[in-house]
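Student: There's a structure below that I have some questions on.
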Protein chains: 2
Amino acid sequence: MAEATRVRVLTAIEELGFVRNEAARTLRKGSGRTLGVIVEDISNPYFTDLARGVEDASNAGGYDLIWCTSDGSPEKERRRLDFLEQQGVSGVVITPVALDRDRIARLRARDVRMALVDRRMPGTGACSVNVDHVQGGRLAMRHLIELGRHDVAFVTAEPESPPVRQRRGGALRALTRAGYAPEQVLTIAEEELTAEAGQHAARRLLEFGTLPTGIFCANDLLAIGLINELTRNGVKVPQDVAVVGYDDIAPAATCVVPLTTVCQPRHELGVTATELLLAGIDNQQVTLTPELVVRESAC
Amino acid sequence: MAEATRVRVLTAIEELGFVRNEAARTLRKGSGRTLGVIVEDISNPYFTDLARGVEDASNAGGYDLIWCTSDGSPEKERRRLDFLEQQGVSGVVITPVALDRDRIARLRARDVRMALVDRRMPGTGACSVNVDHVQGGRLAMRHLIELGRHDVAFVTAEPESPPVRQRRGGALRALTRAGYAPEQVLTIAEEELTAEAGQHAARRLLEFGTLPTGIFCANDLLAIGLINELTRNGVKVPQDVAVVGYDDIAPAATCVVPLTTVCQPRHELGVTATELLLAGIDNQQVTLTPELVVRESAC
DNA sequence: TCCGGTCCGTGAATCGTTTCAAGCTCCCTA
DNA sequence: TAGGGAGCTTGAAACGATTCACGGACCGGA
């Protein structure tokens, strides 16, 4: 196209205040230049960092992004998917709650591609990006063992999601390898993976009378709530109890006792999922590896 | 419409897996059944609670919601508004960063209604919902004075947004009324309203040598970061220093020292803004009042 | 039997963009 | 000067839902 015409068009756009009607464009093209992301819990920094990765990669690829929250509810997840389907997005990045194969197939039939985070569903055509949580759990526990804290408790949530189960599995395996009996691990199950639940777990631990020397929490929010409550009750972290979290969200570093934790590449997770989506390849699987970040809470 | 036909249509929808094409609908109707929300900082629980209020009210009114983040950047704010305009939303709830009257007018011309949170722009047609921050600042400072902590510091951010300025104004007025000289208030300005900035502020305060007996922080994240850092340095809250925050976000309650703070009706703020939007009234102004929540950090 | 009304089916126009195809103007080259 | 191509304009069809208007089917009452 000739430069002169290009300029002429652009100035006309400017003068008339033209804004492209995305609805008409989407209607004509079948699907638009937008993607969607559905995360479980918008108040957990883990998910916002993830979604931010999705947004950055979307923008880089010339797409806009619609953020949605399922709040961990299958019903809400369904409604958000309906919404994105109606909007004619060309792809969805999702941390699935109750997503089934039929739904993926239906979206697929309408040219809506899917990328799953932390959940594999082979044969559906959906891509997925996972973190090696078994390895993450192993890193955490190995660190506690090296500190001589093999008398441990594990704080988790019931029901246990697959990633959390894998973390626990990895931790137990590390114990076994080091020659300890995994049956002796005290497991505290809370209802949610929140700071409030962590606080509650701390109170339950204190009621037991004797504390373990090390605690591995299924995520950072639990760990932060737990440390806060322990500190308030005069328990010294890490002297009395060493605590390790999982995620490495921002507050982990600014906590009263900066948290030793397993760092998940959250942003990269979102970016990778989005890139798989945009690349248009089916059934692709990528696994990222977590890293241990040592701070004061266990050192 | 006859019940028989209705059922016939619904079963047909079910059988064929029909999903309404929102693009076509929006194209034909001019604007769709979706709203947009643009918040400043998705990692601050204040804004996620606000947006959740917007979502609840949107859904209640039969609308879907598109979440966007401006990250406090005028450029991003502009791009998100472009996006929402292209999507044909029928209204936008926004915490404005650099929104100007021209932009509101342009959106208005395309039948996109606006509701502003914590910013009045009279004569633009936009509705707004505000919190009485002067009153909030007054409540916080009055509480510190009643505790005998009139030797205070104020932790804020530079540049100071209007709501934060109002909070400080209210606090100073409370001091004056109680007969103290507001010039003696130590003001610590950080770059952002984050926990990290609060931590930094604490370090600066500790360097001064003598601590004030009371500290009022412009928001909870600052207060939490500050308390954590003070605690780590052996300063006892509230014995040595009493701290009051602003917002009453969820972590304020689960903090090491549960935070005394000024509770903003965040959810209600979002709900009210959305209801004004959907009611279709112009230039409507609503002011909500904050409340003091007393916890351990200042009691 | 005829009329009035209710309810349903059909058909056409419309929204703004994309995607063709076809035709036009220039300008360069043979 | 004719032919060819680049670059532009014009025109028309299509996407799927909405919104009319119109006509037919059916029912009840006169």
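Chain identifiers are assigned as A, B, and so on, following the order in which chains appear in the structure tokens; residues are numbered from 1 within each chain, and ligands are numbered from 1 in order of appearance.
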Taking the backbone alone, and naming residues the way the document does, which bits of stretch 17-149 of chain B are strand (DSSP E or B) by DSSP, as a list in words?

Tutor: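 After running DSSP on the backbone, stretch 17-149 of chain B has strand (DSSP E or B) at Thr34, Leu35, Gly36, Val37, Ile38, Val39, Asp64, Leu65, Ile66, Trp67, Cys68, Thr69, Gly91, Val92, Val93, Ile94, Arg113, Met114, Ala115, Leu116, Val117, Cys127, Ser128, Val129, Asn130 and Val131 of chain B.
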
Student: Find the residues near A:Val294: any atom within 10 Å, counting only C-alpha atoms (C1' of nucleotides), skip ones fewer than 5 places away on the same chain, and give them as a PDB file with N, CA and C atoms, in the first residue's frame.

Tutor:
```
ATOM      1  N   ALA A 140      11.159 -28.556  48.974  1.00  0.00           N
ATOM      2  CA  ALA A 140      10.775 -27.971  50.266  1.00  0.00           C
ATOM      3  C   ALA A 140      11.179 -28.894  51.409  1.00  0.00           C
ATOM      4  N   HIS A 143      14.912 -29.408  52.039  1.00  0.00           N
ATOM      5  CA  HIS A 143      15.479 -28.267  52.748  1.00  0.00           C
ATOM      6  C   HIS A 143      15.238 -28.390  54.254  1.00  0.00           C
ATOM      7  N   VAL A 244       7.994 -23.550  55.651  1.00  0.00           N
ATOM      8  CA  VAL A 244       8.218 -23.402  54.217  1.00  0.00           C
ATOM      9  C   VAL A 244       6.865 -23.298  53.518  1.00  0.00           C
ATOM     10  N   PRO A 258      10.296 -13.142  56.756  1.00  0.00           N
ATOM     11  CA  PRO A 258      10.310 -13.417  55.310  1.00  0.00           C
ATOM     12  C   PRO A 258      10.336 -14.912  55.054  1.00  0.00           C
ATOM     13  N   LEU A 259       9.509 -15.323  54.113  1.00  0.00           N
ATOM     14  CA  LEU A 259       9.163 -16.723  53.962  1.00  0.00           C
ATOM     15  C   LEU A 259      10.087 -17.497  53.024  1.00  0.00           C
ATOM     16  N   THR A 260      10.587 -18.629  53.514  1.00  0.00           N
ATOM     17  CA  THR A 260      11.255 -19.584  52.639  1.00  0.00           C
ATOM     18  C   THR A 260      10.151 -20.323  51.893  1.00  0.00           C
ATOM     19  N   THR A 261      10.290 -20.385  50.573  1.00  0.00           N
ATOM     20  CA  THR A 261       9.169 -20.918  49.813  1.00  0.00           C
ATOM     21  C   THR A 261       9.628 -21.500  48.484  1.00  0.00           C
ATOM     22  N   VAL A 262       8.730 -22.243  47.844  1.00  0.00           N
ATOM     23  CA  VAL A 262       9.035 -22.797  46.529  1.00  0.00           C
ATOM     24  C   VAL A 262       8.455 -21.855  45.488  1.00  0.00           C
ATOM     25  N   CYS A 263       9.334 -21.290  44.686  1.00  0.00           N
ATOM     26  CA  CYS A 263       8.906 -20.270  43.724  1.00  0.00           C
ATOM     27  C   CYS A 263       8.343 -20.902  42.467  1.00  0.00           C
ATOM     28  N   CYS A 299      15.915 -21.375  57.691  1.00  0.00           N
ATOM     29  CA  CYS A 299      17.299 -21.237  57.226  1.00  0.00           C
ATOM     30  C   CYS A 299      18.293 -21.593  58.325  1.00  0.00           C
TER      31      CYS A 299
END
```

Student: Check every residue of chain C for an atom within 8 Å of chain A, counting only C-alpha atoms (C1' of nucleotides), and provide those that qualify as a VMD selection string.

Tutor: chain C and resid 15 to 18

Student: Pick out the chain D residues within 9 Å of chain B. Count only C-alpha atoms (C1' of nucleotides). Give them as a list of chain:residue names.

Tutor: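 Residues passing the distance filter: D:DC15, D:DG16, D:DA17, D:DT18.
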
Student: Store the residues picked out above, limited to N, CA and C atoms (P, O5', C5', C4', C3', O3' and C1' of nucleotides), as a PDB file, in the first residue's frame.

Tutor:
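Once written, out08.pdb looks like this:
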```pdb
ATOM      1  P    DC D  15     -23.206 -16.596   5.523  1.00  0.00           P
ATOM      2  O5'  DC D  15     -22.735 -16.149   6.977  1.00  0.00           O
ATOM      3  C5'  DC D  15     -21.364 -16.081   7.351  1.00  0.00           C
ATOM      4  C4'  DC D  15     -21.228 -15.202   8.555  1.00  0.00           C
ATOM      5  C3'  DC D  15     -22.407 -15.311   9.524  1.00  0.00           C
ATOM      6  O3'  DC D  15     -22.076 -16.239  10.549  1.00  0.00           O
ATOM      7  C1'  DC D  15     -21.717 -13.020   9.174  1.00  0.00           C
ATOM      8  P    DG D  16     -23.176 -17.384  10.929  1.00  0.00           P
ATOM      9  O5'  DG D  16     -24.145 -16.615  11.931  1.00  0.00           O
ATOM     10  C5'  DG D  16     -23.616 -16.148  13.160  1.00  0.00           C
ATOM     11  C4'  DG D  16     -24.624 -15.234  13.815  1.00  0.00           C
ATOM     12  C3'  DG D  16     -26.004 -15.867  14.024  1.00  0.00           C
ATOM     13  O3'  DG D  16     -26.444 -15.484  15.306  1.00  0.00           O
ATOM     14  C1'  DG D  16     -26.225 -13.822  12.902  1.00  0.00           C
ATOM     15  P    DA D  17     -27.724 -16.143  16.006  1.00  0.00           P
ATOM     16  O5'  DA D  17     -28.454 -14.834  16.528  1.00  0.00           O
ATOM     17  C5'  DA D  17     -27.778 -14.018  17.466  1.00  0.00           C
ATOM     18  C4'  DA D  17     -28.353 -12.627  17.411  1.00  0.00           C
ATOM     19  C3'  DA D  17     -29.816 -12.537  17.834  1.00  0.00           C
ATOM     20  O3'  DA D  17     -29.910 -11.574  18.862  1.00  0.00           O
ATOM     21  C1'  DA D  17     -29.471 -11.483  15.728  1.00  0.00           C
ATOM     22  P    DT D  18     -31.264 -11.366  19.644  1.00  0.00           P
ATOM     23  O5'  DT D  18     -31.920 -10.156  18.845  1.00  0.00           O
ATOM     24  C5'  DT D  18     -31.326  -8.881  18.921  1.00  0.00           C
ATOM     25  C4'  DT D  18     -32.012  -7.964  17.933  1.00  0.00           C
ATOM     26  C3'  DT D  18     -33.490  -7.675  18.246  1.00  0.00           C
ATOM     27  O3'  DT D  18     -33.584  -6.270  18.392  1.00  0.00           O
ATOM     28  C1'  DT D  18     -33.152  -8.128  15.947  1.00  0.00           C
TER      29       DT D  18
END
```

Student: Chain A residues within 7 Å of chain B, counting only C-alpha atoms: which ones, as a tab-separated table (two decimals) with N, CA and C atoms, in the first residue's frame?

Tutor:
```
chain	number	residue	atom	x	y	z
A	19	VAL	N	-13.78	4.53	15.61
A	19	VAL	CA	-13.39	3.40	16.46
A	19	VAL	C	-13.96	2.14	15.82
A	20	ARG	N	-13.12	1.21	15.52
A	20	ARG	CA	-13.59	0.01	14.85
A	20	ARG	C	-14.63	-0.72	15.70
A	21	ASN	N	-15.67	-1.14	15.08
A	21	ASN	CA	-16.72	-1.89	15.77
A	21	ASN	C	-16.31	-3.35	15.84
A	22	GLU	N	-15.87	-3.73	17.03
A	22	GLU	CA	-15.34	-5.08	17.22
A	22	GLU	C	-16.43	-6.14	17.04
A	23	ALA	N	-17.65	-5.76	17.35
A	23	ALA	CA	-18.76	-6.70	17.23
A	23	ALA	C	-18.92	-7.10	15.76
A	24	ALA	N	-18.91	-6.14	14.87
A	24	ALA	CA	-19.07	-6.42	13.45
A	24	ALA	C	-17.90	-7.25	12.95
A	26	THR	N	-15.95	-9.27	14.71
A	26	THR	CA	-16.05	-10.62	15.24
A	26	THR	C	-17.12	-11.41	14.49
A	27	LEU	N	-18.22	-10.75	14.24
A	27	LEU	CA	-19.32	-11.41	13.54
A	27	LEU	C	-18.85	-11.92	12.18
A	43	SER	N	-8.32	-13.05	44.59
A	43	SER	CA	-7.69	-12.41	45.75
A	43	SER	C	-6.39	-13.12	46.15
A	45	PRO	N	-2.67	-13.64	45.08
A	45	PRO	CA	-1.69	-13.06	44.16
A	45	PRO	C	-1.14	-14.07	43.16
A	48	THR	N	-3.35	-13.71	40.18
A	48	THR	CA	-3.25	-12.43	39.47
A	48	THR	C	-1.94	-12.35	38.70
A	66	ILE	N	-9.84	-10.78	28.18
A	66	ILE	CA	-10.96	-10.64	29.11
A	66	ILE	C	-10.69	-11.50	30.34
A	67	TRP	N	-10.60	-10.86	31.51
A	67	TRP	CA	-10.34	-11.57	32.77
A	67	TRP	C	-11.65	-12.08	33.36
A	86	GLN	N	-19.86	-16.77	23.98
A	86	GLN	CA	-20.74	-15.79	23.35
A	86	GLN	C	-19.97	-14.61	22.79
A	87	GLN	N	-18.92	-14.22	23.50
A	87	GLN	CA	-18.15	-13.07	23.07
A	87	GLN	C	-17.31	-13.39	21.85
A	195	ALA	N	-5.04	-17.20	54.12
A	195	ALA	CA	-4.31	-16.78	55.32
A	195	ALA	C	-5.13	-17.09	56.57
A	196	GLU	N	-6.43	-16.92	56.45
A	196	GLU	CA	-7.30	-17.21	57.58
A	196	GLU	C	-7.22	-18.68	57.96
A	225	GLY	N	-0.43	-16.80	57.14
A	225	GLY	CA	-1.41	-16.78	58.23
A	225	GLY	C	-0.90	-17.56	59.43
A	228	ASN	N	2.04	-15.68	61.19
A	228	ASN	CA	1.51	-14.55	61.96
A	228	ASN	C	0.92	-15.01	63.28
A	229	GLU	N	0.12	-16.06	63.21
A	229	GLU	CA	-0.54	-16.54	64.42
A	229	GLU	C	0.47	-17.14	65.41
A	231	THR	N	3.63	-16.32	65.67
A	231	THR	CA	4.40	-15.19	66.21
A	231	THR	C	3.62	-14.50	67.32
A	232	ARG	N	2.34	-14.31	67.08
A	232	ARG	CA	1.50	-13.65	68.09
A	232	ARG	C	1.46	-14.45	69.38
A	254	THR	N	7.65	-9.72	52.22
A	254	THR	CA	7.47	-8.59	53.13
A	254	THR	C	6.81	-9.00	54.45
A	255	CYS	N	6.63	-10.27	54.59
A	255	CYS	CA	6.04	-10.88	55.79
A	255	CYS	C	6.86	-10.53	57.06
A	256	VAL	N	6.30	-10.72	58.27
A	256	VAL	CA	7.08	-10.49	59.51
A	256	VAL	C	8.36	-11.30	59.47
```

Student: Please identify all polymer residues within 12 Å of C:DG5, counting only C-alpha atoms (C1' of nucleotides), omitting same-chain residues fewer than 3 positions from it, and present them as a ChimeraX atom specification.

Tutor: /D:26-29

Student: Just N, CA and C atoms (P, O5', C5', C4', C3', O3' and C1' of nucleotides) for this one: save the residues we selected as a compact mmCIF listing (two decimals), in the first residue's frame.

Tutor:
```txt
# COMPACT_ATOMS: atom_id res chain seq x y z
P DC D 26 -54.99 -25.16 11.66
O5' DC D 26 -55.63 -24.64 13.01
C5' DC D 26 -54.79 -24.26 14.11
C4' DC D 26 -55.57 -23.38 15.05
C3' DC D 26 -56.99 -23.88 15.35
O3' DC D 26 -57.05 -24.34 16.70
C1' DC D 26 -56.89 -21.52 15.05
P DC D 27 -58.31 -25.17 17.21
O5' DC D 27 -59.01 -24.10 18.15
C5' DC D 27 -58.23 -23.41 19.13
C4' DC D 27 -59.03 -22.23 19.64
C3' DC D 27 -60.49 -22.58 19.94
O3' DC D 27 -60.78 -22.42 21.31
C1' DC D 27 -60.30 -20.55 18.66
P DG D 28 -62.20 -22.92 21.85
O5' DG D 28 -62.94 -21.52 22.01
C5' DG D 28 -62.32 -20.47 22.77
C4' DG D 28 -63.14 -19.20 22.64
C3' DG D 28 -64.63 -19.41 22.95
O3' DG D 28 -65.09 -18.38 23.82
C1' DG D 28 -64.37 -18.51 20.75
P DG D 29 -66.55 -18.44 24.35
O5' DG D 29 -67.26 -17.31 23.49
C5' DG D 29 -66.71 -15.97 23.49
C4' DG D 29 -67.47 -15.12 22.49
C3' DG D 29 -68.99 -15.13 22.66
O3' DG D 29 -69.48 -13.81 22.46
C1' DG D 29 -68.44 -15.81 20.46
```

Student: Which of stretch 66-188 of chain B counts as alpha helix (DSSP H) under DSSP, as a PyMOL selection string please?

Tutor: chain B and resi 74-87+101-109+133-146+162-177

Student: Those same residues, written as a tab-separated table (two decimals), in the first residue's frame with C-alpha atoms?

Tutor:
```tsv
chain	number	residue	atom	x	y	z
B	74	PRO	CA	-2.60	6.72	31.73
B	75	GLU	CA	-1.51	4.93	28.56
B	76	LYS	CA	-2.91	1.60	29.70
B	77	GLU	CA	-6.07	3.29	30.90
B	78	ARG	CA	-6.55	4.71	27.42
B	79	ARG	CA	-5.98	1.36	25.78
B	80	ARG	CA	-8.42	-0.39	28.06
B	81	LEU	CA	-11.06	2.24	27.35
B	82	ASP	CA	-10.45	1.77	23.62
B	83	PHE	CA	-10.93	-1.94	24.10
B	84	LEU	CA	-14.16	-1.58	26.03
B	85	GLU	CA	-15.44	0.93	23.50
B	86	GLN	CA	-14.67	-1.49	20.68
B	87	GLN	CA	-16.40	-4.28	22.53
B	101	ARG	CA	-13.62	15.26	30.00
B	102	ASP	CA	-13.10	14.81	26.26
B	103	ARG	CA	-12.79	11.10	26.63
B	104	ILE	CA	-15.92	10.87	28.73
B	105	ALA	CA	-17.76	12.96	26.14
B	106	ARG	CA	-16.57	10.75	23.31
B	107	LEU	CA	-17.68	7.59	25.09
B	108	ARG	CA	-20.94	9.25	25.93
B	109	ALA	CA	-21.52	10.01	22.25
B	133	HIS	CA	-12.18	10.41	53.20
B	134	VAL	CA	-11.98	13.58	55.27
B	135	GLN	CA	-14.24	11.90	57.77
B	136	GLY	CA	-12.18	8.70	57.51
B	137	GLY	CA	-8.95	10.54	58.24
B	138	ARG	CA	-10.62	12.28	61.15
B	139	LEU	CA	-11.85	8.99	62.63
B	140	ALA	CA	-8.36	7.51	62.46
B	141	MET	CA	-6.63	10.47	64.03
B	142	ARG	CA	-9.29	11.01	66.69
B	143	HIS	CA	-8.77	7.44	67.77
B	144	LEU	CA	-5.00	7.93	68.08
B	145	ILE	CA	-5.55	11.14	70.06
B	146	GLU	CA	-7.96	9.40	72.40
B	162	PRO	CA	-7.09	13.11	45.89
B	163	PRO	CA	-8.50	10.44	48.23
B	164	VAL	CA	-5.20	10.19	50.08
B	165	ARG	CA	-4.91	13.96	50.34
B	166	GLN	CA	-8.38	14.07	51.83
B	167	ARG	CA	-7.48	11.43	54.39
B	168	ARG	CA	-4.49	13.44	55.47
B	169	GLY	CA	-6.58	16.61	55.52
B	170	GLY	CA	-9.14	15.00	57.82
B	171	ALA	CA	-6.41	13.72	60.11
B	172	LEU	CA	-4.80	17.14	60.39
B	173	ARG	CA	-8.14	18.75	61.12
B	174	ALA	CA	-8.73	16.29	63.96
B	175	LEU	CA	-5.36	17.24	65.42
B	176	THR	CA	-6.10	20.94	65.19
B	177	ARG	CA	-9.50	20.51	66.81
```

Student: Near stretch 287-289 of chain A, within 12 Å and counting only C-alpha atoms (C1' of nucleotides), which residues show up once chain neighbours fewer than 5 positions away are dropped, as a ChimeraX atom specification?

Tutor: /A:116-120,127-139,262-273

Student: Emit the selected residues as a PDB file, in the first residue's frame, including C-alpha atoms.

Tutor:
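Saved the output as again_5.pdb:
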```pdb
ATOM      1  CA  LEU A 116      -5.042 -25.545  30.795  1.00  0.00           C
ATOM      2  CA  VAL A 117      -2.855 -24.574  33.705  1.00  0.00           C
ATOM      3  CA  ASP A 118      -1.883 -27.275  36.202  1.00  0.00           C
ATOM      4  CA  ARG A 119      -4.171 -29.918  34.730  1.00  0.00           C
ATOM      5  CA  ARG A 120      -3.610 -32.333  31.898  1.00  0.00           C
ATOM      6  CA  CYS A 127      -2.728 -27.670  25.493  1.00  0.00           C
ATOM      7  CA  SER A 128      -1.495 -27.576  29.046  1.00  0.00           C
ATOM      8  CA  VAL A 129       1.257 -26.028  31.095  1.00  0.00           C
ATOM      9  CA  ASN A 130       2.203 -27.628  34.366  1.00  0.00           C
ATOM     10  CA  VAL A 131       4.626 -27.107  37.182  1.00  0.00           C
ATOM     11  CA  ASP A 132       6.486 -30.121  38.492  1.00  0.00           C
ATOM     12  CA  HIS A 133       4.887 -30.050  41.932  1.00  0.00           C
ATOM     13  CA  VAL A 134       6.364 -33.371  42.969  1.00  0.00           C
ATOM     14  CA  GLN A 135       9.766 -31.786  42.502  1.00  0.00           C
ATOM     15  CA  GLY A 136       8.568 -28.649  44.337  1.00  0.00           C
ATOM     16  CA  GLY A 137       7.405 -30.661  47.324  1.00  0.00           C
ATOM     17  CA  ARG A 138      10.673 -32.559  47.334  1.00  0.00           C
ATOM     18  CA  LEU A 139      12.706 -29.332  47.316  1.00  0.00           C
ATOM     19  CA  VAL A 262       9.035 -22.797  46.529  1.00  0.00           C
ATOM     20  CA  CYS A 263       8.906 -20.270  43.724  1.00  0.00           C
ATOM     21  CA  GLN A 264       6.488 -21.012  40.926  1.00  0.00           C
ATOM     22  CA  PRO A 265       7.167 -19.283  37.608  1.00  0.00           C
ATOM     23  CA  ARG A 266       3.696 -17.743  37.672  1.00  0.00           C
ATOM     24  CA  HIS A 267       4.183 -15.106  35.037  1.00  0.00           C
ATOM     25  CA  GLU A 268       5.983 -17.537  32.763  1.00  0.00           C
ATOM     26  CA  LEU A 269       3.181 -20.033  33.295  1.00  0.00           C
ATOM     27  CA  GLY A 270       0.684 -17.519  31.924  1.00  0.00           C
ATOM     28  CA  VAL A 271       2.943 -16.471  29.080  1.00  0.00           C
ATOM     29  CA  THR A 272       3.652 -20.034  28.020  1.00  0.00           C
ATOM     30  CA  ALA A 273       0.006 -21.061  28.133  1.00  0.00           C
TER      31      ALA A 273
END
```

Student: Just want the 9 Å neighbourhood of A:Gly61, counted on only C-alpha atoms (C1' of nucleotides), with same-chain residues fewer than 4 positions away dropped. Output as JSON, numbers by chain.

Tutor: {"A": [56, 57, 275, 278]}

Student: What does the file look like for those residues with C-alpha atoms, as a short mmCIF file (atom, residue, chain, number, x, y, z; two decimals), in the first residue's frame?

Tutor:
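Saved result, out_3.cif, follows:
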```cif
data_model
loop_
_atom_site.label_atom_id
_atom_site.label_comp_id
_atom_site.auth_asym_id
_atom_site.auth_seq_id
_atom_site.Cartn_x
_atom_site.Cartn_y
_atom_site.Cartn_z
CA ASP A 56 1.26 -9.60 28.56
CA ALA A 57 1.54 -12.45 26.08
CA GLU A 275 1.86 -18.75 23.49
CA LEU A 278 -1.65 -18.58 19.84
#
```

Student: Record the distance separating atom CA of A:Gly234 and atom CA of B:Val243, expressed in Å with one decimal.

Tutor: 20.4 Å
